[in-house]
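Peer 1: Handing you a structure now.
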Amino acid sequence: MPAPLKLTSFGFLHLPQDAAGHPVPPQADRIEDVRDRLRDPAAAQHILDLDGLNPHVQAVVLSTPGARELLDNLADYAALPAGPCHIAIGCAGGRHRAASLTELLAQELRNCGRHVQVEHLHVHLPRVLATPDRPDTTTVTTAVGEVNA
């Protein structure tokens with residue numbers, strides 16, 4: 001039996017930065033950055049306080065243009081004979097797109113008989129958005145309110 005495939009979701013805004021100020025993603029055979037590729041579903045007010053572990057959020061993400069094609073591409077990549085050991089999927093905060101796609105991919109691969117381990121690095125953290133008037137600050141949004149950091 002092949003070794004389990006590790007799937008990791010993460011948020012670029014939560015990652016440590018290198019000396020040049022760029023985020024340092026987790027080590028993986030493939031890192032999929034969906035920030036510019038898929039529309040941010042956090043604009044849908046009804047899912048703001050939910051995360052990608054929730055089937056409703058997964059349905060919203062999967063209905064985003066390009067999401068199904070990306071998921072199919074990742075599943076095909078995972079099925080390659082000399083396939084990957086680790087795929088990491090990142091979005092801005094790691095709560096909606098990355099977590100949803102990771103869960104959906106894991107489910108699809110398990111349905112094909114693949115052993116998969118899933119790790120969500122930032123799904124439990126509050127939403128983080130860069131503020132347009134001060135890009136050097138962030139606003140942490142929680143169910144209670146906003147805090148400027």
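Ordering of the structure tokens sets the chain letters (A, B, ...), residue numbers begin anew at 1 in every chain, and ligands are numbered from 1 in the order given.
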Would you list, as a PDB file with all heavy atoms, in the first residue's frame, the residues of chain A that end up in strand (DSSP E or B) under DSSP run on this structure's backbone?
Peer 2:
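Contents of part_26.pdb, as written:
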```
ATOM      1  N   LEU A   5      -1.019  10.213   1.367  1.00  0.00           N
ATOM      2  CA  LEU A   5      -0.796  11.538   0.798  1.00  0.00           C
ATOM      3  C   LEU A   5      -1.177  12.557   1.848  1.00  0.00           C
ATOM      4  O   LEU A   5      -2.261  12.486   2.422  1.00  0.00           O
ATOM      5  CB  LEU A   5      -1.653  11.725  -0.452  1.00  0.00           C
ATOM      6  CG  LEU A   5      -1.653  13.117  -1.067  1.00  0.00           C
ATOM      7  CD1 LEU A   5      -0.273  13.499  -1.564  1.00  0.00           C
ATOM      8  CD2 LEU A   5      -2.669  13.178  -2.196  1.00  0.00           C
ATOM      9  N   LYS A   6      -0.296  13.493   2.109  1.00  0.00           N
ATOM     10  CA  LYS A   6      -0.582  14.548   3.082  1.00  0.00           C
ATOM     11  C   LYS A   6      -1.144  15.755   2.341  1.00  0.00           C
ATOM     12  O   LYS A   6      -0.571  16.210   1.350  1.00  0.00           O
ATOM     13  CB  LYS A   6       0.678  14.937   3.847  1.00  0.00           C
ATOM     14  CG  LYS A   6       0.411  15.970   4.919  1.00  0.00           C
ATOM     15  CD  LYS A   6       1.654  16.239   5.753  1.00  0.00           C
ATOM     16  CE  LYS A   6       1.348  17.241   6.841  1.00  0.00           C
ATOM     17  NZ  LYS A   6       2.540  17.509   7.658  1.00  0.00           N
ATOM     18  N   LEU A   7      -2.277  16.265   2.826  1.00  0.00           N
ATOM     19  CA  LEU A   7      -2.891  17.477   2.289  1.00  0.00           C
ATOM     20  C   LEU A   7      -2.908  18.521   3.393  1.00  0.00           C
ATOM     21  O   LEU A   7      -3.350  18.242   4.511  1.00  0.00           O
ATOM     22  CB  LEU A   7      -4.323  17.201   1.824  1.00  0.00           C
ATOM     23  CG  LEU A   7      -4.513  16.127   0.761  1.00  0.00           C
ATOM     24  CD1 LEU A   7      -5.996  15.925   0.477  1.00  0.00           C
ATOM     25  CD2 LEU A   7      -3.772  16.499  -0.515  1.00  0.00           C
ATOM     26  N   THR A   8      -2.430  19.713   3.081  1.00  0.00           N
ATOM     27  CA  THR A   8      -2.351  20.788   4.062  1.00  0.00           C
ATOM     28  C   THR A   8      -3.040  22.023   3.525  1.00  0.00           C
ATOM     29  O   THR A   8      -2.800  22.416   2.381  1.00  0.00           O
ATOM     30  CB  THR A   8      -0.879  21.138   4.384  1.00  0.00           C
ATOM     31  OG1 THR A   8      -0.213  19.967   4.864  1.00  0.00           O
ATOM     32  CG2 THR A   8      -0.781  22.239   5.414  1.00  0.00           C
ATOM     33  N   SER A   9      -3.884  22.643   4.349  1.00  0.00           N
ATOM     34  CA  SER A   9      -4.442  23.948   4.002  1.00  0.00           C
ATOM     35  C   SER A   9      -3.767  24.997   4.882  1.00  0.00           C
ATOM     36  O   SER A   9      -3.383  24.716   6.022  1.00  0.00           O
ATOM     37  CB  SER A   9      -5.960  23.978   4.212  1.00  0.00           C
ATOM     38  OG  SER A   9      -6.303  24.051   5.573  1.00  0.00           O
ATOM     39  N   PHE A  10      -3.625  26.206   4.324  1.00  0.00           N
ATOM     40  CA  PHE A  10      -2.984  27.273   5.096  1.00  0.00           C
ATOM     41  C   PHE A  10      -3.428  28.634   4.573  1.00  0.00           C
ATOM     42  O   PHE A  10      -4.008  28.742   3.501  1.00  0.00           O
ATOM     43  CB  PHE A  10      -1.455  27.146   5.042  1.00  0.00           C
ATOM     44  CG  PHE A  10      -0.870  27.377   3.680  1.00  0.00           C
ATOM     45  CD1 PHE A  10      -0.402  28.636   3.303  1.00  0.00           C
ATOM     46  CD2 PHE A  10      -0.766  26.344   2.748  1.00  0.00           C
ATOM     47  CE1 PHE A  10       0.137  28.844   2.038  1.00  0.00           C
ATOM     48  CE2 PHE A  10      -0.229  26.547   1.495  1.00  0.00           C
ATOM     49  CZ  PHE A  10       0.227  27.804   1.140  1.00  0.00           C
ATOM     50  N   GLY A  11      -3.138  29.658   5.356  1.00  0.00           N
ATOM     51  CA  GLY A  11      -3.415  31.038   4.958  1.00  0.00           C
ATOM     52  C   GLY A  11      -2.118  31.809   4.828  1.00  0.00           C
ATOM     53  O   GLY A  11      -1.306  31.849   5.761  1.00  0.00           O
ATOM     54  N   GLN A  17       7.477  35.178   7.562  1.00  0.00           N
ATOM     55  CA  GLN A  17       8.034  35.807   6.365  1.00  0.00           C
ATOM     56  C   GLN A  17       9.538  35.609   6.297  1.00  0.00           C
ATOM     57  O   GLN A  17      10.209  35.510   7.317  1.00  0.00           O
ATOM     58  CB  GLN A  17       7.708  37.295   6.357  1.00  0.00           C
ATOM     59  CG  GLN A  17       6.219  37.556   6.271  1.00  0.00           C
ATOM     60  CD  GLN A  17       5.901  39.041   6.196  1.00  0.00           C
ATOM     61  OE1 GLN A  17       6.755  39.891   6.399  1.00  0.00           O
ATOM     62  NE2 GLN A  17       4.661  39.353   5.895  1.00  0.00           N
ATOM     63  N   PRO A  23       5.873  35.633   2.345  1.00  0.00           N
ATOM     64  CA  PRO A  23       5.439  34.510   3.178  1.00  0.00           C
ATOM     65  C   PRO A  23       6.159  33.219   2.796  1.00  0.00           C
ATOM     66  O   PRO A  23       6.449  32.987   1.628  1.00  0.00           O
ATOM     67  CB  PRO A  23       3.940  34.404   2.896  1.00  0.00           C
ATOM     68  CG  PRO A  23       3.663  35.259   1.715  1.00  0.00           C
ATOM     69  CD  PRO A  23       4.817  36.161   1.497  1.00  0.00           C
ATOM     70  N   ARG A  30       3.758  20.128  -4.090  1.00  0.00           N
ATOM     71  CA  ARG A  30       3.033  21.126  -4.877  1.00  0.00           C
ATOM     72  C   ARG A  30       2.339  22.077  -3.920  1.00  0.00           C
ATOM     73  O   ARG A  30       1.670  21.652  -2.981  1.00  0.00           O
ATOM     74  CB  ARG A  30       1.997  20.454  -5.780  1.00  0.00           C
ATOM     75  CG  ARG A  30       1.171  21.454  -6.590  1.00  0.00           C
ATOM     76  CD  ARG A  30       0.353  20.744  -7.637  1.00  0.00           C
ATOM     77  NE  ARG A  30      -0.557  21.651  -8.317  1.00  0.00           N
ATOM     78  CZ  ARG A  30      -1.335  21.268  -9.326  1.00  0.00           C
ATOM     79  NH1 ARG A  30      -1.304  20.021  -9.764  1.00  0.00           N
ATOM     80  NH2 ARG A  30      -2.146  22.123  -9.894  1.00  0.00           N
ATOM     81  N   ILE A  31       2.530  23.367  -4.163  1.00  0.00           N
ATOM     82  CA  ILE A  31       1.851  24.406  -3.399  1.00  0.00           C
ATOM     83  C   ILE A  31       0.902  25.104  -4.350  1.00  0.00           C
ATOM     84  O   ILE A  31       1.329  25.663  -5.369  1.00  0.00           O
ATOM     85  CB  ILE A  31       2.850  25.404  -2.786  1.00  0.00           C
ATOM     86  CG1 ILE A  31       3.780  24.671  -1.820  1.00  0.00           C
ATOM     87  CG2 ILE A  31       2.107  26.550  -2.097  1.00  0.00           C
ATOM     88  CD1 ILE A  31       4.933  25.495  -1.329  1.00  0.00           C
ATOM     89  N   GLU A  32      -0.369  25.058  -4.037  1.00  0.00           N
ATOM     90  CA  GLU A  32      -1.390  25.679  -4.877  1.00  0.00           C
ATOM     91  C   GLU A  32      -1.877  26.956  -4.195  1.00  0.00           C
ATOM     92  O   GLU A  32      -2.464  26.913  -3.125  1.00  0.00           O
ATOM     93  CB  GLU A  32      -2.555  24.702  -5.084  1.00  0.00           C
ATOM     94  CG  GLU A  32      -3.492  25.101  -6.160  1.00  0.00           C
ATOM     95  CD  GLU A  32      -2.863  25.090  -7.542  1.00  0.00           C
ATOM     96  OE1 GLU A  32      -2.173  24.120  -7.896  1.00  0.00           O
ATOM     97  OE2 GLU A  32      -3.067  26.073  -8.268  1.00  0.00           O
ATOM     98  N   ASP A  33      -1.589  28.086  -4.822  1.00  0.00           N
ATOM     99  CA  ASP A  33      -2.010  29.398  -4.310  1.00  0.00           C
ATOM    100  C   ASP A  33      -3.307  29.779  -5.017  1.00  0.00           C
ATOM    101  O   ASP A  33      -3.307  30.057  -6.215  1.00  0.00           O
ATOM    102  CB  ASP A  33      -0.913  30.423  -4.593  1.00  0.00           C
ATOM    103  CG  ASP A  33      -1.234  31.812  -4.089  1.00  0.00           C
ATOM    104  OD1 ASP A  33      -2.378  32.057  -3.633  1.00  0.00           O
ATOM    105  OD2 ASP A  33      -0.345  32.679  -4.161  1.00  0.00           O
ATOM    106  N   HIS A  86       2.955  15.203  -0.724  1.00  0.00           N
ATOM    107  CA  HIS A  86       2.373  16.310   0.048  1.00  0.00           C
ATOM    108  C   HIS A  86       1.901  17.399  -0.911  1.00  0.00           C
ATOM    109  O   HIS A  86       2.674  17.888  -1.735  1.00  0.00           O
ATOM    110  CB  HIS A  86       3.430  16.865   1.004  1.00  0.00           C
ATOM    111  CG  HIS A  86       2.916  17.860   1.983  1.00  0.00           C
ATOM    112  ND1 HIS A  86       3.748  18.496   2.869  1.00  0.00           N
ATOM    113  CD2 HIS A  86       1.683  18.366   2.227  1.00  0.00           C
ATOM    114  CE1 HIS A  86       3.048  19.329   3.618  1.00  0.00           C
ATOM    115  NE2 HIS A  86       1.780  19.265   3.238  1.00  0.00           N
ATOM    116  N   ILE A  87       0.630  17.794  -0.781  1.00  0.00           N
ATOM    117  CA  ILE A  87       0.056  18.917  -1.525  1.00  0.00           C
ATOM    118  C   ILE A  87      -0.423  19.926  -0.498  1.00  0.00           C
ATOM    119  O   ILE A  87      -1.125  19.571   0.458  1.00  0.00           O
ATOM    120  CB  ILE A  87      -1.125  18.477  -2.412  1.00  0.00           C
ATOM    121  CG1 ILE A  87      -0.671  17.489  -3.478  1.00  0.00           C
ATOM    122  CG2 ILE A  87      -1.791  19.690  -3.061  1.00  0.00           C
ATOM    123  CD1 ILE A  87      -1.813  16.877  -4.288  1.00  0.00           C
ATOM    124  N   ALA A  88      -0.037  21.174  -0.678  1.00  0.00           N
ATOM    125  CA  ALA A  88      -0.475  22.254   0.216  1.00  0.00           C
ATOM    126  C   ALA A  88      -1.291  23.262  -0.596  1.00  0.00           C
ATOM    127  O   ALA A  88      -0.906  23.626  -1.704  1.00  0.00           O
ATOM    128  CB  ALA A  88       0.723  22.938   0.854  1.00  0.00           C
ATOM    129  N   ILE A  89      -2.415  23.680  -0.040  1.00  0.00           N
ATOM    130  CA  ILE A  89      -3.309  24.622  -0.705  1.00  0.00           C
ATOM    131  C   ILE A  89      -3.456  25.836   0.197  1.00  0.00           C
ATOM    132  O   ILE A  89      -3.819  25.705   1.371  1.00  0.00           O
ATOM    133  CB  ILE A  89      -4.691  23.987  -0.976  1.00  0.00           C
ATOM    134  CG1 ILE A  89      -4.545  22.710  -1.814  1.00  0.00           C
ATOM    135  CG2 ILE A  89      -5.611  24.996  -1.664  1.00  0.00           C
ATOM    136  CD1 ILE A  89      -5.830  21.913  -1.972  1.00  0.00           C
ATOM    137  N   GLY A  90      -3.163  27.016  -0.365  1.00  0.00           N
ATOM    138  CA  GLY A  90      -3.224  28.234   0.428  1.00  0.00           C
ATOM    139  C   GLY A  90      -4.125  29.286  -0.172  1.00  0.00           C
ATOM    140  O   GLY A  90      -4.227  29.418  -1.393  1.00  0.00           O
ATOM    141  N   CYS A  91      -4.790  30.023   0.696  1.00  0.00           N
ATOM    142  CA  CYS A  91      -5.569  31.198   0.305  1.00  0.00           C
ATOM    143  C   CYS A  91      -5.156  32.323   1.250  1.00  0.00           C
ATOM    144  O   CYS A  91      -4.153  32.201   1.948  1.00  0.00           O
ATOM    145  CB  CYS A  91      -7.076  30.920   0.348  1.00  0.00           C
ATOM    146  SG  CYS A  91      -7.742  30.540   1.977  1.00  0.00           S
ATOM    147  N   VAL A 116      -5.306   9.228   2.876  1.00  0.00           N
ATOM    148  CA  VAL A 116      -4.997  10.659   2.924  1.00  0.00           C
ATOM    149  C   VAL A 116      -4.951  11.130   4.370  1.00  0.00           C
ATOM    150  O   VAL A 116      -5.786  10.742   5.181  1.00  0.00           O
ATOM    151  CB  VAL A 116      -6.083  11.467   2.161  1.00  0.00           C
ATOM    152  CG1 VAL A 116      -5.805  12.948   2.225  1.00  0.00           C
ATOM    153  CG2 VAL A 116      -6.181  11.016   0.718  1.00  0.00           C
ATOM    154  N   GLN A 117      -3.967  11.979   4.677  1.00  0.00           N
ATOM    155  CA  GLN A 117      -3.893  12.669   5.963  1.00  0.00           C
ATOM    156  C   GLN A 117      -4.105  14.155   5.698  1.00  0.00           C
ATOM    157  O   GLN A 117      -3.485  14.713   4.795  1.00  0.00           O
ATOM    158  CB  GLN A 117      -2.535  12.471   6.622  1.00  0.00           C
ATOM    159  CG  GLN A 117      -2.258  11.054   7.052  1.00  0.00           C
ATOM    160  CD  GLN A 117      -0.867  10.916   7.638  1.00  0.00           C
ATOM    161  OE1 GLN A 117       0.032  11.690   7.361  1.00  0.00           O
ATOM    162  NE2 GLN A 117      -0.690   9.885   8.457  1.00  0.00           N
ATOM    163  N   VAL A 118      -4.967  14.786   6.494  1.00  0.00           N
ATOM    164  CA  VAL A 118      -5.297  16.192   6.294  1.00  0.00           C
ATOM    165  C   VAL A 118      -4.836  17.001   7.498  1.00  0.00           C
ATOM    166  O   VAL A 118      -5.013  16.588   8.652  1.00  0.00           O
ATOM    167  CB  VAL A 118      -6.822  16.374   6.100  1.00  0.00           C
ATOM    168  CG1 VAL A 118      -7.191  17.842   6.025  1.00  0.00           C
ATOM    169  CG2 VAL A 118      -7.283  15.646   4.850  1.00  0.00           C
ATOM    170  N   GLU A 119      -4.238  18.147   7.203  1.00  0.00           N
ATOM    171  CA  GLU A 119      -3.812  19.086   8.244  1.00  0.00           C
ATOM    172  C   GLU A 119      -4.272  20.481   7.829  1.00  0.00           C
ATOM    173  O   GLU A 119      -3.991  20.922   6.714  1.00  0.00           O
ATOM    174  CB  GLU A 119      -2.293  19.054   8.389  1.00  0.00           C
ATOM    175  CG  GLU A 119      -1.758  20.035   9.401  1.00  0.00           C
ATOM    176  CD  GLU A 119      -0.239  20.001   9.502  1.00  0.00           C
ATOM    177  OE1 GLU A 119       0.420  19.719   8.487  1.00  0.00           O
ATOM    178  OE2 GLU A 119       0.276  20.270  10.593  1.00  0.00           O
ATOM    179  N   HIS A 120      -4.969  21.162   8.720  1.00  0.00           N
ATOM    180  CA  HIS A 120      -5.395  22.539   8.486  1.00  0.00           C
ATOM    181  C   HIS A 120      -4.610  23.431   9.440  1.00  0.00           C
ATOM    182  O   HIS A 120      -4.824  23.383  10.652  1.00  0.00           O
ATOM    183  CB  HIS A 120      -6.900  22.692   8.737  1.00  0.00           C
ATOM    184  CG  HIS A 120      -7.746  21.889   7.810  1.00  0.00           C
ATOM    185  ND1 HIS A 120      -7.917  22.234   6.494  1.00  0.00           N
ATOM    186  CD2 HIS A 120      -8.462  20.752   8.010  1.00  0.00           C
ATOM    187  CE1 HIS A 120      -8.720  21.351   5.922  1.00  0.00           C
ATOM    188  NE2 HIS A 120      -9.047  20.432   6.811  1.00  0.00           N
ATOM    189  N   ARG A 127     -10.635  35.515  10.790  1.00  0.00           N
ATOM    190  CA  ARG A 127     -10.386  36.077   9.460  1.00  0.00           C
ATOM    191  C   ARG A 127      -9.421  37.253   9.588  1.00  0.00           C
ATOM    192  O   ARG A 127      -9.509  38.033  10.524  1.00  0.00           O
ATOM    193  CB  ARG A 127     -11.689  36.561   8.825  1.00  0.00           C
ATOM    194  CG  ARG A 127     -12.599  35.446   8.412  1.00  0.00           C
ATOM    195  CD  ARG A 127     -13.869  35.955   7.755  1.00  0.00           C
ATOM    196  NE  ARG A 127     -14.644  36.759   8.683  1.00  0.00           N
ATOM    197  CZ  ARG A 127     -14.940  38.052   8.489  1.00  0.00           C
ATOM    198  NH1 ARG A 127     -14.559  38.664   7.406  1.00  0.00           N
ATOM    199  NH2 ARG A 127     -15.631  38.709   9.373  1.00  0.00           N
ATOM    200  N   VAL A 128      -8.509  37.395   8.642  1.00  0.00           N
ATOM    201  CA  VAL A 128      -7.555  38.492   8.622  1.00  0.00           C
ATOM    202  C   VAL A 128      -7.625  39.157   7.262  1.00  0.00           C
ATOM    203  O   VAL A 128      -7.510  38.503   6.231  1.00  0.00           O
ATOM    204  CB  VAL A 128      -6.106  37.998   8.869  1.00  0.00           C
ATOM    205  CG1 VAL A 128      -5.131  39.155   8.829  1.00  0.00           C
ATOM    206  CG2 VAL A 128      -6.019  37.267  10.187  1.00  0.00           C
ATOM    207  N   LEU A 129      -7.809  40.458   7.260  1.00  0.00           N
ATOM    208  CA  LEU A 129      -7.901  41.216   6.015  1.00  0.00           C
ATOM    209  C   LEU A 129      -6.943  42.396   6.081  1.00  0.00           C
ATOM    210  O   LEU A 129      -6.837  43.040   7.116  1.00  0.00           O
ATOM    211  CB  LEU A 129      -9.331  41.744   5.814  1.00  0.00           C
ATOM    212  CG  LEU A 129     -10.449  40.715   5.874  1.00  0.00           C
ATOM    213  CD1 LEU A 129     -11.798  41.413   5.892  1.00  0.00           C
ATOM    214  CD2 LEU A 129     -10.357  39.782   4.698  1.00  0.00           C
ATOM    215  N   ALA A 130      -6.261  42.686   4.976  1.00  0.00           N
ATOM    216  CA  ALA A 130      -5.437  43.897   4.906  1.00  0.00           C
ATOM    217  C   ALA A 130      -6.382  45.081   4.771  1.00  0.00           C
ATOM    218  O   ALA A 130      -7.351  45.031   4.033  1.00  0.00           O
ATOM    219  CB  ALA A 130      -4.489  43.838   3.715  1.00  0.00           C
ATOM    220  N   THR A 131      -6.120  46.143   5.520  1.00  0.00           N
ATOM    221  CA  THR A 131      -6.978  47.309   5.419  1.00  0.00           C
ATOM    222  C   THR A 131      -6.506  48.174   4.259  1.00  0.00           C
ATOM    223  O   THR A 131      -5.313  48.426   4.109  1.00  0.00           O
ATOM    224  CB  THR A 131      -6.964  48.132   6.725  1.00  0.00           C
ATOM    225  OG1 THR A 131      -5.625  48.505   7.020  1.00  0.00           O
ATOM    226  CG2 THR A 131      -7.533  47.326   7.880  1.00  0.00           C
ATOM    227  N   ARG A 134      -4.459  51.434   5.131  1.00  0.00           N
ATOM    228  CA  ARG A 134      -3.150  51.220   5.744  1.00  0.00           C
ATOM    229  C   ARG A 134      -2.704  49.800   5.468  1.00  0.00           C
ATOM    230  O   ARG A 134      -2.935  48.902   6.268  1.00  0.00           O
ATOM    231  CB  ARG A 134      -3.229  51.456   7.257  1.00  0.00           C
ATOM    232  CG  ARG A 134      -3.621  52.862   7.603  1.00  0.00           C
ATOM    233  CD  ARG A 134      -2.907  53.508   8.763  1.00  0.00           C
ATOM    234  NE  ARG A 134      -1.631  52.987   9.123  1.00  0.00           N
ATOM    235  CZ  ARG A 134      -1.302  52.708  10.380  1.00  0.00           C
ATOM    236  NH1 ARG A 134      -2.138  52.876  11.354  1.00  0.00           N
ATOM    237  NH2 ARG A 134      -0.088  52.281  10.657  1.00  0.00           N
ATOM    238  N   PRO A 135      -2.058  49.561   4.317  1.00  0.00           N
ATOM    239  CA  PRO A 135      -1.669  48.188   3.956  1.00  0.00           C
ATOM    240  C   PRO A 135      -0.669  47.556   4.916  1.00  0.00           C
ATOM    241  O   PRO A 135      -0.490  46.351   4.911  1.00  0.00           O
ATOM    242  CB  PRO A 135      -1.085  48.333   2.553  1.00  0.00           C
ATOM    243  CG  PRO A 135      -0.835  49.776   2.360  1.00  0.00           C
ATOM    244  CD  PRO A 135      -1.687  50.533   3.323  1.00  0.00           C
ATOM    245  N   ASP A 136      -0.023  48.372   5.762  1.00  0.00           N
ATOM    246  CA  ASP A 136       0.937  47.817   6.705  1.00  0.00           C
ATOM    247  C   ASP A 136       0.253  47.283   7.964  1.00  0.00           C
ATOM    248  O   ASP A 136       0.892  46.731   8.836  1.00  0.00           O
ATOM    249  CB  ASP A 136       1.974  48.880   7.088  1.00  0.00           C
ATOM    250  CG  ASP A 136       1.343  50.116   7.722  1.00  0.00           C
ATOM    251  OD1 ASP A 136       0.253  50.513   7.274  1.00  0.00           O
ATOM    252  OD2 ASP A 136       1.944  50.681   8.655  1.00  0.00           O
ATOM    253  N   THR A 137      -1.078  47.445   8.057  1.00  0.00           N
ATOM    254  CA  THR A 137      -1.815  46.918   9.198  1.00  0.00           C
ATOM    255  C   THR A 137      -2.788  45.855   8.725  1.00  0.00           C
ATOM    256  O   THR A 137      -3.068  45.741   7.545  1.00  0.00           O
ATOM    257  CB  THR A 137      -2.613  48.031   9.915  1.00  0.00           C
ATOM    258  OG1 THR A 137      -3.621  48.512   9.027  1.00  0.00           O
ATOM    259  CG2 THR A 137      -1.730  49.153  10.375  1.00  0.00           C
ATOM    260  N   THR A 138      -3.303  45.119   9.669  1.00  0.00           N
ATOM    261  CA  THR A 138      -4.331  44.142   9.346  1.00  0.00           C
ATOM    262  C   THR A 138      -5.483  44.316  10.309  1.00  0.00           C
ATOM    263  O   THR A 138      -5.327  44.841  11.412  1.00  0.00           O
ATOM    264  CB  THR A 138      -3.797  42.702   9.458  1.00  0.00           C
ATOM    265  OG1 THR A 138      -3.305  42.498  10.777  1.00  0.00           O
ATOM    266  CG2 THR A 138      -2.729  42.420   8.440  1.00  0.00           C
ATOM    267  N   THR A 139      -6.636  43.897   9.892  1.00  0.00           N
ATOM    268  CA  THR A 139      -7.804  43.876  10.748  1.00  0.00           C
ATOM    269  C   THR A 139      -8.168  42.431  10.994  1.00  0.00           C
ATOM    270  O   THR A 139      -8.370  41.678  10.051  1.00  0.00           O
ATOM    271  CB  THR A 139      -8.987  44.606  10.086  1.00  0.00           C
ATOM    272  OG1 THR A 139      -8.604  45.948   9.831  1.00  0.00           O
ATOM    273  CG2 THR A 139     -10.209  44.578  10.990  1.00  0.00           C
ATOM    274  N   VAL A 140      -8.209  42.059  12.250  1.00  0.00           N
ATOM    275  CA  VAL A 140      -8.610  40.716  12.627  1.00  0.00           C
ATOM    276  C   VAL A 140     -10.102  40.782  12.911  1.00  0.00           C
ATOM    277  O   VAL A 140     -10.537  41.509  13.792  1.00  0.00           O
ATOM    278  CB  VAL A 140      -7.837  40.225  13.881  1.00  0.00           C
ATOM    279  CG1 VAL A 140      -8.321  38.851  14.283  1.00  0.00           C
ATOM    280  CG2 VAL A 140      -6.346  40.247  13.615  1.00  0.00           C
ATOM    281  N   THR A 141     -10.880  40.046  12.147  1.00  0.00           N
ATOM    282  CA  THR A 141     -12.324  40.075  12.289  1.00  0.00           C
ATOM    283  C   THR A 141     -12.783  38.807  12.970  1.00  0.00           C
ATOM    284  O   THR A 141     -12.476  37.711  12.536  1.00  0.00           O
ATOM    285  CB  THR A 141     -13.002  40.207  10.907  1.00  0.00           C
ATOM    286  OG1 THR A 141     -12.448  41.333  10.240  1.00  0.00           O
ATOM    287  CG2 THR A 141     -14.491  40.387  11.055  1.00  0.00           C
ATOM    288  N   GLU A 146     -14.001  43.839  15.382  1.00  0.00           N
ATOM    289  CA  GLU A 146     -12.719  43.977  14.710  1.00  0.00           C
ATOM    290  C   GLU A 146     -11.674  44.550  15.663  1.00  0.00           C
ATOM    291  O   GLU A 146     -11.986  45.380  16.518  1.00  0.00           O
ATOM    292  CB  GLU A 146     -12.835  44.900  13.495  1.00  0.00           C
ATOM    293  CG  GLU A 146     -13.693  44.314  12.402  1.00  0.00           C
ATOM    294  CD  GLU A 146     -13.732  45.187  11.166  1.00  0.00           C
ATOM    295  OE1 GLU A 146     -13.236  46.330  11.223  1.00  0.00           O
ATOM    296  OE2 GLU A 146     -14.245  44.718  10.152  1.00  0.00           O
ATOM    297  N   VAL A 147     -10.441  44.103  15.497  1.00  0.00           N
ATOM    298  CA  VAL A 147      -9.320  44.603  16.271  1.00  0.00           C
ATOM    299  C   VAL A 147      -8.217  44.959  15.291  1.00  0.00           C
ATOM    300  O   VAL A 147      -7.846  44.144  14.455  1.00  0.00           O
ATOM    301  CB  VAL A 147      -8.804  43.511  17.259  1.00  0.00           C
ATOM    302  CG1 VAL A 147      -7.600  44.024  18.009  1.00  0.00           C
ATOM    303  CG2 VAL A 147      -9.906  43.069  18.186  1.00  0.00           C
ATOM    304  N   ASN A 148      -7.681  46.167  15.339  1.00  0.00           N
ATOM    305  CA  ASN A 148      -6.570  46.540  14.473  1.00  0.00           C
ATOM    306  C   ASN A 148      -5.268  46.057  15.076  1.00  0.00           C
ATOM    307  O   ASN A 148      -5.040  46.223  16.278  1.00  0.00           O
ATOM    308  CB  ASN A 148      -6.500  48.058  14.257  1.00  0.00           C
ATOM    309  CG  ASN A 148      -7.607  48.547  13.360  1.00  0.00           C
ATOM    310  OD1 ASN A 148      -8.030  47.816  12.472  1.00  0.00           O
ATOM    311  ND2 ASN A 148      -8.090  49.739  13.581  1.00  0.00           N
TER     312      ASN A 148
END
```
Peer 1: For Gly66 in chain A, list every protein, DNA or RNA residue within 10 Å, evaluated using only C-alpha atoms, and leave out those in the same chain fewer than 3 positions away; present the list as a ChimeraX atom specification.
Peer 2: /A:37-39,61-63,69-71
Peer 1: For each of A:Arg35, A:Leu104, A:His115, A:Leu15, take the minimum atom-to-atom distance to Leu74 in chain A, counting only C-alpha atoms, then give the residue where this is smallest.
Peer 2: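 Looking at the shortest contact to Leu74 in chain A, the residue is A:Leu104.
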Peer 1: Can you measure CA of Phe12 in chain A to CA of Asp36 in chain A for me? One decimal in Å is fine.
Peer 2: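 Interatomic distance, CA of Phe12 in chain A to CA of Asp36 in chain A: 12.1 Å.
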Peer 1: For range 45-53 of chain A, please output as a ChimeraX atom specification all residues within 10 Å (counting only C-alpha atoms; exclusion window: fewer than 2 positions along the same chain).
Peer 2: /A:9,41-43,55-61,94-104,120,123-127,141-143
Peer 1: Measure the distance from CA of Ala44 in chain A to CA of Thr64 in chain A in Å and round it to one decimal.
Peer 2: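 Distance between the two atoms: 11.6 Å.
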Peer 1: From a backbone DSSP assignment, name each residue in chain A labelled alpha helix (DSSP H), as number ranges by chain.
Peer 2: A: 55-62, 67-78, 97-111
Peer 1: Name the closest residue to Cys85 in chain A among the candidates A:Ala28, A:Leu105, A:Leu121, A:Ala67; distances are taken between atoms, counting only C-alpha atoms.
Peer 2: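 The shortest atom-to-atom distance to Cys85 in chain A comes from A:Ala28.
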